[in-house]
Amino acid sequence: MSALARAAMDPPAPAPIFDLARTRGRGPADTFRTFAVSARLGWQLEANWTDPFLFFVYSVAKPVSSALILVVMLEVIGGPAGRSFRPFVVVGSALWSFVISGIAGLAWAILEDRERYRVLKYIYVSPSDFLVVLIGRGVARLVVGLAGVVITLVVGVVALGVPFDVAVVDWPLLAASSVVGLGAIIALGLLMAGVCIQTRQESWSYPEAFAGALFLVTGAVFPLAVLPAPVQAIGLLAPLTWWIAGVREALFPGGPDSIGGPGSLFAALLGHPSPTGSEIVIALLATGGVATLAALAVFRLSDRRAKRAGLYDRTTGS
Amino acid sequence: MAASTMSFLERAGTGPREAARWSRRQVLLTDLRSVRGRAYPRVKGLLREPSWVLFEILLPFLATSAFVFVYRAIDAPQQYVGFVVLGGALSAFWLNVIWMMANQLYWEKSQGNLELYFAAPMHFMSILFGMAVGGMVMSSTRAATVLLIAGTLYGVTFSVDQWALLLGVFLLTLGALYGLGMVLASLFLVWGREAWHMGQLFTEPVYFVSGLNFPVARLGFLGALSVAFIPLATGLDAMRQLAFAGAAFPAGTPPPLVEVAILAAMTVVSIVAARWMLIAMERRARRDGRLSVRWQ
């Protein structure tokens, strides 16, 4: 009997059993590993092309310059009298660099992987949770943004004479505002990522435009009271407004306030001039919770539509 | 048979060496066609990509509005609001110079177009001029829109005595700005992946030292250095002096005519430097062989 005939008569080798459990992963351990790897990848993409000092300079130049522009504007008009407003603008412009990093980080991760490196489709079909990958990628930019915040605040205190006293810092308010605010920023980034999945070329400007619009209504560098009442109402619905107010109030208690004050909608609605720390935290939790739920819903909808329409493997040449 | 095809066949019949020998007129016409060709997508793109229109107007407008509200919050005189609006309009040109001039060659390299430019029978300066001409047209519409909307919305009143000089300063500012953009295009290409970060570095920090939202004289020696070397600072200061004649703001910068001379010098120097940079970049690219290596 020929070898071929013998082979034909032998029973077939047992097919490898498909282990369904593998598709479910190993729960939190896998999630954490995915997050860690994508955060590391994001960091490498951000920072592996230059030496650390240069990277540091690039990262802090923008927020420090923004703060300096505002400080000189105050000095030109207010002179010494305008210095009481200095902590207000330094904190606001420092925090804003973090907002831009957070919002742009997630959205640009989509655009970079789809349009530039063209690997988004491979990442999407890998056995990792896409949402976790995306948040991990965004974290790298958040870290860079955080460096900008810290350096801008240090420059403000050391070089610009911002009066900072560690003893008067409201640490619980700072911690609560920072944690909930961070969640809100990631949620807004996720929202923009959901939008950028759908949009075609030139989406690179969308996160910046979105952040620019929020910059106007969140009291980052000027009090909301100078805006018309309907615009103030929009600002009060944004979690970033409460986050900035919370951090500002925690670092410089009793300083100029971005939400209340004479002529503000807040004062008209609640009957007292400025929000208290607990009011800020409650409002931040409420608006942040709504923003997070909305962002998740938009992202899931966008994800579903992108799978149906084949948007993950479509490059638009931007 | 089309004239161009006939011309090619005639040249082809005389051998490759003769075909490659062009008259001055042919070279000039080809270069002019290249300028027009490179400017074309930017001019046409004005309306073909609606998101460009929206975002290139929206971004400078939002930034301008934020600074207007800062001045309003501290009860600044109305002229300062005018300063901010004028600065916001000029920032459209600066953003265009940084992102669509300086960064452009690096992006062209990433997309694989740069080697085609080098292989095409034209002078590379034509590409840079085309980018500049298209960019000027594109940004002028953006700047005019920002000026119109923000000026109307925030009640800015201009007080101009010398319109001709103001127009001259504006045109010279554009010349100097885009000349600088042509120089930066080669530099950014050499800097490779740092180009994006350099773009960031050339935005807010330059806004600060140029006094985009406040009189640059306020910066003292730093302001004087900016007026001497950064066309945005020089042009903006001259235009403010001319557009808000008689306004009370910190003096200390040269009068507009001196700044006109500075801008003219900047324009000439930057165009010569751009040509030199191109030659140096091409030499270096040939030596290192990295001209077509993407993402570096």
# chains A, B, ... in the order shown; residues from 1 in each chain; ligands from 1

call {"tool": "residues_around", "arguments": {"residues": "Asn213 of chain B", "least_positions_apart": "4", "cutoff": "9 Å", "atoms": "only C-alpha atoms", "output": "ChimeraX atom specification"}}
result
/A:69-70,73 /B:64,67-68,80-81,83-88,207-208

call {"tool": "write_last_selection", "arguments": {"atoms": "N, CA and C atoms", "output": "mmCIF file, in the first residue's frame"}}
result
data_model
loop_
_atom_site.group_PDB
_atom_site.id
_atom_site.type_symbol
_atom_site.label_atom_id
_atom_site.label_comp_id
_atom_site.auth_asym_id
_atom_site.auth_seq_id
_atom_site.Cartn_x
_atom_site.Cartn_y
_atom_site.Cartn_z
ATOM 1 N N ILE A 69 1.271 85.914 28.359
ATOM 2 C CA ILE A 69 0.466 86.857 27.564
ATOM 3 C C ILE A 69 -0.597 87.503 28.456
ATOM 4 N N LEU A 70 -1.284 86.669 29.227
ATOM 5 C CA LEU A 70 -2.364 87.185 30.068
ATOM 6 C C LEU A 70 -1.827 88.081 31.184
ATOM 7 N N MET A 73 -1.020 91.387 29.735
ATOM 8 C CA MET A 73 -2.269 92.122 29.466
ATOM 9 C C MET A 73 -2.797 92.772 30.745
ATOM 10 N N THR B 64 -9.461 85.142 19.697
ATOM 11 C CA THR B 64 -9.599 86.600 19.778
ATOM 12 C C THR B 64 -10.668 86.964 20.798
ATOM 13 N N PHE B 67 -9.592 86.793 24.454
ATOM 14 C CA PHE B 67 -8.766 87.916 24.918
ATOM 15 C C PHE B 67 -9.576 89.215 25.001
ATOM 16 N N VAL B 68 -10.564 89.353 24.124
ATOM 17 C CA VAL B 68 -11.451 90.521 24.224
ATOM 18 C C VAL B 68 -12.161 90.509 25.580
ATOM 19 N N TYR B 80 -7.953 98.801 23.227
ATOM 20 C CA TYR B 80 -7.243 97.540 23.461
ATOM 21 C C TYR B 80 -8.015 96.356 22.870
ATOM 22 N N VAL B 81 -9.317 96.485 22.894
ATOM 23 C CA VAL B 81 -10.125 95.456 22.228
ATOM 24 C C VAL B 81 -9.793 95.457 20.736
ATOM 25 N N PHE B 83 -6.944 96.334 19.457
ATOM 26 C CA PHE B 83 -5.612 95.708 19.322
ATOM 27 C C PHE B 83 -5.750 94.192 19.207
ATOM 28 N N VAL B 84 -6.599 93.655 20.093
ATOM 29 C CA VAL B 84 -6.775 92.198 20.119
ATOM 30 C C VAL B 84 -7.387 91.711 18.804
ATOM 31 N N VAL B 85 -8.366 92.457 18.309
ATOM 32 C CA VAL B 85 -9.029 92.041 17.064
ATOM 33 C C VAL B 85 -8.041 92.087 15.899
ATOM 34 N N LEU B 86 -7.246 93.145 15.837
ATOM 35 C CA LEU B 86 -6.243 93.237 14.772
ATOM 36 C C LEU B 86 -5.213 92.112 14.906
ATOM 37 N N GLY B 87 -4.811 91.858 16.141
ATOM 38 C CA GLY B 87 -3.872 90.756 16.375
ATOM 39 C C GLY B 87 -4.470 89.413 15.978
ATOM 40 N N GLY B 88 -5.752 89.234 16.296
ATOM 41 C CA GLY B 88 -6.433 87.987 15.935
ATOM 42 C C GLY B 88 -6.475 87.791 14.437
ATOM 43 N N TYR B 207 3.506 84.536 19.774
ATOM 44 C CA TYR B 207 2.420 85.475 20.074
ATOM 45 C C TYR B 207 2.827 86.375 21.255
ATOM 46 N N PHE B 208 3.431 85.747 22.251
ATOM 47 C CA PHE B 208 3.824 86.512 23.432
ATOM 48 C C PHE B 208 4.880 87.555 23.087
#

call {"tool": "interface_residues", "arguments": {"of": "chain A", "to": "chain B", "cutoff": "10 Å", "atoms": "only C-alpha atoms", "output": "ChimeraX atom specification"}}
result
/A:46,49-50,54-55,57-70,72-78,82,85,89,116-117,200-203,205-206,208-217,219-227,317-318

call {"tool": "atom_distance", "arguments": {"atom1": "atom CA of Asp161 of chain B", "atom2": "atom CA of Leu242 of chain B"}}
result
7.0 Å

call {"tool": "closest_residue", "arguments": {"among": "A:Glu279, A:Arg86, A:Ala140, A:Phe56", "to": "Leu41 of chain A", "atoms": "only C-alpha atoms"}}
result
A:Ala140

call {"tool": "select_by_dssp", "arguments": {"residues": "segment 124-270 of chain A", "states": "helix (DSSP H, G or I)", "output": "ChimeraX atom specification"}}
result
/A:124-125,130-158,166-168,171-198,203-217,224-226,229-237,239-251,265-270

call {"tool": "decode", "arguments": {"residues": "segment 63-74 of chain A", "atoms": "N, CA and C atoms", "output": "compact mmCIF listing (two decimals), in the first residue's frame"}}
result
# COMPACT_ATOMS: atom_id res chain seq x y z
N PRO A 63 2.01 76.47 27.42
CA PRO A 63 1.24 76.98 28.56
C PRO A 63 1.90 78.15 29.27
N VAL A 64 3.23 78.11 29.37
CA VAL A 64 3.91 79.22 30.05
C VAL A 64 3.71 80.51 29.25
N SER A 65 3.83 80.42 27.93
CA SER A 65 3.64 81.61 27.09
C SER A 65 2.22 82.14 27.20
N SER A 66 1.25 81.22 27.22
CA SER A 66 -0.15 81.66 27.34
C SER A 66 -0.35 82.44 28.64
N ALA A 67 0.24 81.93 29.71
CA ALA A 67 0.11 82.62 31.00
C ALA A 67 0.80 83.98 30.95
N LEU A 68 1.96 84.03 30.30
CA LEU A 68 2.70 85.30 30.23
C LEU A 68 1.92 86.35 29.43
N ILE A 69 1.27 85.91 28.36
CA ILE A 69 0.47 86.86 27.56
C ILE A 69 -0.60 87.50 28.46
N LEU A 70 -1.28 86.67 29.23
CA LEU A 70 -2.36 87.19 30.07
C LEU A 70 -1.83 88.08 31.18
N VAL A 71 -0.69 87.68 31.75
CA VAL A 71 -0.11 88.48 32.83
C VAL A 71 0.28 89.86 32.31
N VAL A 72 0.89 89.91 31.12
CA VAL A 72 1.28 91.22 30.56
C VAL A 72 0.03 92.05 30.24
N MET A 73 -1.02 91.39 29.74
CA MET A 73 -2.27 92.12 29.47
C MET A 73 -2.80 92.77 30.75
N LEU A 74 -2.76 92.02 31.84
CA LEU A 74 -3.22 92.58 33.12
C LEU A 74 -2.34 93.74 33.55
